[in-house]
Amino acid sequence: MRGFHFTETHHDPHSAARLGRITTPHGTIDTPAFVPVGTQATVKSLTPDDLHTLGVELFFVNTYHTYLRPNLDVIKTFGGLHAFMGWHGPIITDSGGFQVFSLARPKYKPLDRDEENATLVNISEDGVTFRSHWDGSEHYFTPETSMQYQWTLGSDIHIAFDECTTYPTTPEYARKAMDRTHRWLVRSIAEHARQAASIPNRPYQALYGAIQGSIYEALRKESAHYICSLDTDGIAIGGVSVGESKEEMRQVLDWVMPVLPAQKPRHLLGVGEIDDIFVLIEHGVDTFDCVQPTRIARMGRVYVLPGEGSQGFDIDITHVQYKQDTKPIDPQCSCYTCTHFSRAYLHHLFRVRELLGYRLASLHNLYYINSLVRAIRRSIADGSFLELKKQWLYNK
RNA sequence: GCUGAGAUGGCGGAGUGGACAAUCGCAACAGUCUGUAAAACUGUCGCCCGACAGGGCUACCUAGGUUCGAAUCCUAGUCUCAGCA
């Protein structure tokens, strides 16, 4: 026993949805589970206690960001992220692979008007040179260093360093990036083993390999087969939610998910809008992280049942129509925000940019999404998952 | 009452004869957001027509005037602020 394992506890007879439990040295995670993103060692505006109360069991942190600030030496003096940020439950860290995507194109606010420097990454076979978004300094990541960094962070689950391609991309480039990601995983596994053995009785930290292949069927299937053929603790699906349509994302899951072995946990990287959740769980995804609930919360968008004054699953509380609205965000929601405050108050907090607004909206959105996932787990248990899905997605 | 300064779009505040429907900031209105360069970013922001290009109308306190042409110069008036009575 490595101190990390996954058990499938129940399988939906009508779909690939399943219930499971991931055991880590810092606790267990009932799956399917939504994983909030705390890039810089904090889920913005929330405390670890808040997260526990919301039912969060796994915390997502970014290697790239914590490597830059505060830096790994600081975290090392605490013995890792758990003590540093006061979260003692399971942690999953991203490798920096997503920054190969996100820093690769000038989105807005490029640090340098110079075309040469407009992109902050430079990829080679050996690794990736990043230009810090803080100060422009150069930093070199390889599969090996990413593994070392994640061991230093002490997270319970590591993601192997991969190349998340931009969208759209050509089949040629997608193959090139995928093959490179595959070679990088072999290197990651070797370094992971070295790290595990480097200190006697070191608590085990799990490794997930990441599937790539953009939106190309042959590549996705090849990548899934290859990643699954290697010895990792779990499987991550990357390279989605990078600009493709929801239909394309669903197709990727159609191609990839049937290939994955039942005994390994599957993490879908970066997906988690309300309507996506049903789709990914239906495909057999166990954990999935997404910035959406917390990011849109800070922009004043809060989840609401479809039909509650919205076409989709959220409303913009900053809109004038809520200025005098005495109702809670969602009258049926029993989160702290909805049981204590009105839409008008939230509207006011956002209009005057008060910190409490960001916090209350984040609390609500995370409560909302966690409640939904909990309801989905119950529905899988009692066989009503597809009915619940229909109920939610038909209402839209 | 006298002397001086000033009145510009929702607000603050540029502009001081043509490049001005008027820089800029704020506010307002809307859009975007899926492994967080994100408490961010983008657009609109006098009225009307237009998908766009563009066109028409009304505007820089009020009323006259000078000029080919005025937010900008001149005259009178109204109001505001400061100092003095």
# chains A, B, ... in the order shown; residues from 1 in each chain; ligands from 1
call {"tool": "closest_atom_pairs", "arguments": {"of": "chain A", "to": "chain B", "cutoff": "8 Å", "atoms": "only C-alpha atoms (C1' of nucleotides)", "output": "Markdown table"}}
result
| residue | atom | partner | partner_atom | distance |
| --- | --- | --- | --- | --- |
| A:Val37 | CA | B:U36 | C1' | 7.8 |
| A:Thr39 | CA | B:U36 | C1' | 6.3 |
| A:Asp94 | CA | B:G35 | C1' | 6.5 |
| A:Phe98 | CA | B:G35 | C1' | 5.8 |
| A:Leu103 | CA | B:A37 | C1' | 7.2 |
| A:Tyr108 | CA | B:C41 | C1' | 7.1 |
| A:His133 | CA | B:A37 | C1' | 5.3 |
| A:Trp134 | CA | B:A37 | C1' | 7.8 |
| A:Gly238 | CA | B:G35 | C1' | 7.0 |
| A:Ser241 | CA | B:U34 | C1' | 5.3 |
| A:Val242 | CA | B:U34 | C1' | 7.7 |
| A:Leu269 | CA | B:G35 | C1' | 4.4 |
| A:Gly270 | CA | B:G35 | C1' | 4.4 |
| A:Val271 | CA | B:U34 | C1' | 4.9 |
| A:Gly272 | CA | B:U34 | C1' | 5.9 |
| A:Glu273 | CA | B:U34 | C1' | 6.2 |
| A:Asp289 | CA | B:G35 | C1' | 6.9 |
| A:Cys290 | CA | B:U34 | C1' | 6.0 |
| A:Val291 | CA | B:U36 | C1' | 6.3 |
| A:Gln292 | CA | B:U34 | C1' | 5.7 |
| A:Arg295 | CA | B:A38 | C1' | 7.4 |
| A:Ile296 | CA | B:C33 | C1' | 7.0 |
| A:Arg298 | CA | B:A39 | C1' | 5.9 |
| A:Met299 | CA | B:A39 | C1' | 7.5 |
| A:Arg353 | CA | B:A39 | C1' | 7.2 |
| A:Leu355 | CA | B:A39 | C1' | 7.1 |
| A:Tyr358 | CA | B:A39 | C1' | 6.6 |
call {"tool": "residues_around", "arguments": {"residues": "B:A82", "least_positions_apart": "6", "cutoff": "12 Å", "atoms": "only C-alpha atoms (C1' of nucleotides)", "output": "count of residues only"}}
result
4
call {"tool": "residues_around", "arguments": {"residues": "stretch 7-9 of chain B", "least_positions_apart": "6", "cutoff": "10 Å", "atoms": "only C-alpha atoms (C1' of nucleotides)", "output": "VMD selection string"}}
result
chain B and resid 15 21 to 22 46 59 to 61 71 79 to 80
call {"tool": "select_by_dssp", "arguments": {"residues": "stretch 229-301 of chain A", "states": "strand (DSSP E)", "output": "list in words"}}
result
Gly234, Ile235, Ala236, Ile237, Arg266, His267, Leu268, Thr287, Phe288, Asp289, Cys290 and Arg301 of chain A
call {"tool": "residues_around", "arguments": {"residues": "stretch 315-329 of chain A", "least_positions_apart": "4", "cutoff": "9 Å", "atoms": "only C-alpha atoms (C1' of nucleotides)", "output": "list in words"}}
result
Met299, Gly300, Arg301, Val302, Tyr303, Val304, Glu308, Gly309, Ser310, Gln311, Cys333, Thr337, Cys338, Thr339, His340, Phe341, Ser342, Arg343, Ala344, Tyr345, Leu346, His347, His348, Phe350, Arg351 and His364 of chain A
call {"tool": "write_last_selection", "arguments": {"atoms": "N, CA and C atoms", "output": "tab-separated table (two decimals), in the first residue's frame"}}
result
chain	number	residue	atom	x	y	z
A	299	MET	N	-16.50	38.44	-10.19
A	299	MET	CA	-16.99	39.38	-11.20
A	299	MET	C	-18.47	39.70	-10.94
A	300	GLY	N	-19.00	39.16	-9.88
A	300	GLY	CA	-20.39	39.46	-9.54
A	300	GLY	C	-21.41	38.52	-10.16
A	301	ARG	N	-20.95	37.41	-10.70
A	301	ARG	CA	-21.90	36.45	-11.26
A	301	ARG	C	-22.11	35.32	-10.27
A	302	VAL	N	-23.36	35.09	-9.94
A	302	VAL	CA	-23.67	34.07	-8.94
A	302	VAL	C	-24.64	33.05	-9.51
A	303	TYR	N	-24.45	31.82	-9.08
A	303	TYR	CA	-25.28	30.74	-9.57
A	303	TYR	C	-26.70	30.86	-9.03
A	304	VAL	N	-27.61	30.44	-9.88
A	304	VAL	CA	-29.00	30.54	-9.56
A	304	VAL	C	-29.66	29.43	-10.37
A	308	GLU	N	-34.51	31.31	-12.72
A	308	GLU	CA	-34.57	32.34	-11.69
A	308	GLU	C	-34.04	33.67	-12.23
A	309	GLY	N	-34.66	34.16	-13.26
A	309	GLY	CA	-34.24	35.44	-13.81
A	309	GLY	C	-33.04	35.31	-14.70
A	310	SER	N	-32.81	34.12	-15.23
A	310	SER	CA	-31.61	33.93	-16.03
A	310	SER	C	-31.85	32.88	-17.10
A	311	GLN	N	-31.21	33.05	-18.24
A	311	GLN	CA	-31.26	32.06	-19.29
A	311	GLN	C	-30.38	30.86	-18.91
A	333	CYS	N	-31.57	28.29	-1.78
A	333	CYS	CA	-30.21	27.95	-1.34
A	333	CYS	C	-30.08	28.17	0.16
A	337	THR	N	-24.50	32.91	2.62
A	337	THR	CA	-24.84	34.14	1.92
A	337	THR	C	-26.35	34.27	1.73
A	338	CYS	N	-26.95	33.20	1.23
A	338	CYS	CA	-28.38	33.26	0.92
A	338	CYS	C	-29.26	33.30	2.17
A	339	THR	N	-28.76	32.76	3.28
A	339	THR	CA	-29.57	32.79	4.50
A	339	THR	C	-29.39	34.07	5.30
A	340	HIS	N	-28.46	34.91	4.88
A	340	HIS	CA	-28.22	36.15	5.64
A	340	HIS	C	-28.36	37.44	4.84
A	341	PHE	N	-28.25	37.37	3.52
A	341	PHE	CA	-28.16	38.62	2.76
A	341	PHE	C	-29.05	38.63	1.52
A	342	SER	N	-29.40	39.83	1.11
A	342	SER	CA	-30.26	40.01	-0.07
A	342	SER	C	-29.42	40.26	-1.32
A	343	ARG	N	-30.09	40.14	-2.45
A	343	ARG	CA	-29.46	40.51	-3.72
A	343	ARG	C	-29.06	41.98	-3.70
A	344	ALA	N	-29.92	42.80	-3.13
A	344	ALA	CA	-29.63	44.24	-3.09
A	344	ALA	C	-28.33	44.51	-2.32
A	345	TYR	N	-28.13	43.76	-1.23
A	345	TYR	CA	-26.90	43.97	-0.46
A	345	TYR	C	-25.67	43.52	-1.25
A	346	LEU	N	-25.78	42.35	-1.87
A	346	LEU	CA	-24.65	41.88	-2.71
A	346	LEU	C	-24.38	42.89	-3.84
A	347	HIS	N	-25.47	43.35	-4.45
A	347	HIS	CA	-25.36	44.34	-5.52
A	347	HIS	C	-24.59	45.56	-5.01
A	348	HIS	N	-24.97	46.02	-3.85
A	348	HIS	CA	-24.31	47.18	-3.26
A	348	HIS	C	-22.82	46.91	-3.01
A	350	PHE	N	-20.83	44.91	-4.47
A	350	PHE	CA	-20.05	44.89	-5.71
A	350	PHE	C	-19.93	46.29	-6.30
A	351	ARG	N	-21.00	47.07	-6.21
A	351	ARG	CA	-20.93	48.42	-6.77
A	351	ARG	C	-19.88	49.27	-6.09
A	364	HIS	N	-21.15	31.44	-1.88
A	364	HIS	CA	-22.38	30.95	-2.49
A	364	HIS	C	-22.09	30.02	-3.67
call {"tool": "residues_around", "arguments": {"residues": "stretch 72-75 of chain B", "least_positions_apart": "2", "cutoff": "7 Å", "atoms": "only C-alpha atoms (C1' of nucleotides)", "output": "number ranges by chain"}}
result
B: 16-17, 66, 70
call {"tool": "residues_around", "arguments": {"residues": "A:Val252", "least_positions_apart": "2", "cutoff": "10 Å", "atoms": "only C-alpha atoms (C1' of nucleotides)", "output": "PDB file with C-alpha atoms, in the first residue's frame"}}
result
ATOM      1  CA  GLN A 212      -3.414  15.431 -24.577  1.00  0.00           C
ATOM      2  CA  GLY A 213      -4.274  15.354 -28.295  1.00  0.00           C
ATOM      3  CA  SER A 214      -6.380  18.482 -28.760  1.00  0.00           C
ATOM      4  CA  ILE A 215      -9.693  17.751 -30.538  1.00  0.00           C
ATOM      5  CA  TYR A 216      -8.366  14.985 -32.788  1.00  0.00           C
ATOM      6  CA  GLU A 217      -9.870  11.551 -32.320  1.00  0.00           C
ATOM      7  CA  ARG A 220      -6.821  11.471 -28.145  1.00  0.00           C
ATOM      8  CA  LYS A 221      -7.258   7.725 -28.307  1.00  0.00           C
ATOM      9  CA  ILE A 237      -7.317  14.576 -18.989  1.00  0.00           C
ATOM     10  CA  GLY A 239      -6.087  20.159 -23.080  1.00  0.00           C
ATOM     11  CA  VAL A 240      -9.811  20.765 -22.821  1.00  0.00           C
ATOM     12  CA  LYS A 246     -18.759  22.153 -25.432  1.00  0.00           C
ATOM     13  CA  GLU A 247     -19.629  19.673 -28.147  1.00  0.00           C
ATOM     14  CA  GLU A 248     -15.958  19.206 -28.981  1.00  0.00           C
ATOM     15  CA  MET A 249     -15.136  18.742 -25.323  1.00  0.00           C
ATOM     16  CA  ARG A 250     -17.858  16.116 -25.015  1.00  0.00           C
ATOM     17  CA  ASP A 254     -16.371  10.100 -25.686  1.00  0.00           C
ATOM     18  CA  TRP A 255     -13.036   9.053 -27.181  1.00  0.00           C
ATOM     19  CA  VAL A 256     -10.901   9.009 -24.082  1.00  0.00           C
ATOM     20  CA  MET A 257     -12.994   7.829 -21.160  1.00  0.00           C
TER      21      MET A 257
END
call {"tool": "closest_residue", "arguments": {"among": "A:Thr24, A:Phe101, A:Thr47, A:Ala33", "to": "A:Thr169", "atoms": "only C-alpha atoms"}}
result
A:Phe101
call {"tool": "residues_around", "arguments": {"residues": "A:Leu68", "least_positions_apart": "2", "cutoff": "12 Å", "atoms": "only C-alpha atoms (C1' of nucleotides)", "output": "NGL selection string"}}
result
:A and (39-41 or 62-66 or 70-75 or 96 or 130-141 or 149)
call {"tool": "write_last_selection", "arguments": {"atoms": "C-alpha atoms", "output": "PDB file, in the first residue's frame"}}
result
ATOM      1  CA  THR A  39      -3.719  28.839  -7.602  1.00  0.00           C
ATOM      2  CA  GLN A  40      -1.601  30.891  -5.258  1.00  0.00           C
ATOM      3  CA  ALA A  41      -2.103  28.674  -2.206  1.00  0.00           C
ATOM      4  CA  ASN A  62      -0.435  25.665  -8.815  1.00  0.00           C
ATOM      5  CA  THR A  63       3.250  24.764  -8.847  1.00  0.00           C
ATOM      6  CA  TYR A  64       4.202  27.536 -11.230  1.00  0.00           C
ATOM      7  CA  HIS A  65       2.666  30.289  -9.133  1.00  0.00           C
ATOM      8  CA  THR A  66       3.886  29.107  -5.746  1.00  0.00           C
ATOM      9  CA  PRO A  70       6.494  33.036  -2.232  1.00  0.00           C
ATOM     10  CA  ASN A  71       9.048  30.547  -3.728  1.00  0.00           C
ATOM     11  CA  LEU A  72       9.767  26.974  -2.797  1.00  0.00           C
ATOM     12  CA  ASP A  73      12.318  27.720  -0.088  1.00  0.00           C
ATOM     13  CA  VAL A  74       9.669  29.465   1.958  1.00  0.00           C
ATOM     14  CA  ILE A  75       7.274  26.572   1.585  1.00  0.00           C
ATOM     15  CA  GLY A  96       2.887  24.269 -14.717  1.00  0.00           C
ATOM     16  CA  PHE A 130       8.752  30.863 -18.813  1.00  0.00           C
ATOM     17  CA  ARG A 131       8.945  34.569 -18.450  1.00  0.00           C
ATOM     18  CA  SER A 132       7.478  35.541 -15.105  1.00  0.00           C
ATOM     19  CA  HIS A 133       4.276  37.543 -15.340  1.00  0.00           C
ATOM     20  CA  TRP A 134       5.409  39.354 -12.194  1.00  0.00           C
ATOM     21  CA  ASP A 135       8.748  40.763 -13.209  1.00  0.00           C
ATOM     22  CA  GLY A 136       9.672  39.305 -16.593  1.00  0.00           C
ATOM     23  CA  SER A 137      12.443  37.128 -15.181  1.00  0.00           C
ATOM     24  CA  GLU A 138      13.140  33.815 -16.907  1.00  0.00           C
ATOM     25  CA  HIS A 139      12.419  30.436 -15.345  1.00  0.00           C
ATOM     26  CA  TYR A 140      13.068  27.022 -16.771  1.00  0.00           C
ATOM     27  CA  PHE A 141      10.724  24.105 -16.100  1.00  0.00           C
ATOM     28  CA  TYR A 149       8.914  21.172  -7.038  1.00  0.00           C
TER      29      TYR A 149
END
call {"tool": "atom_distance", "arguments": {"atom1": "atom CA of A:Ile380", "atom2": "atom CA of A:His52"}}
result
23.0 Å
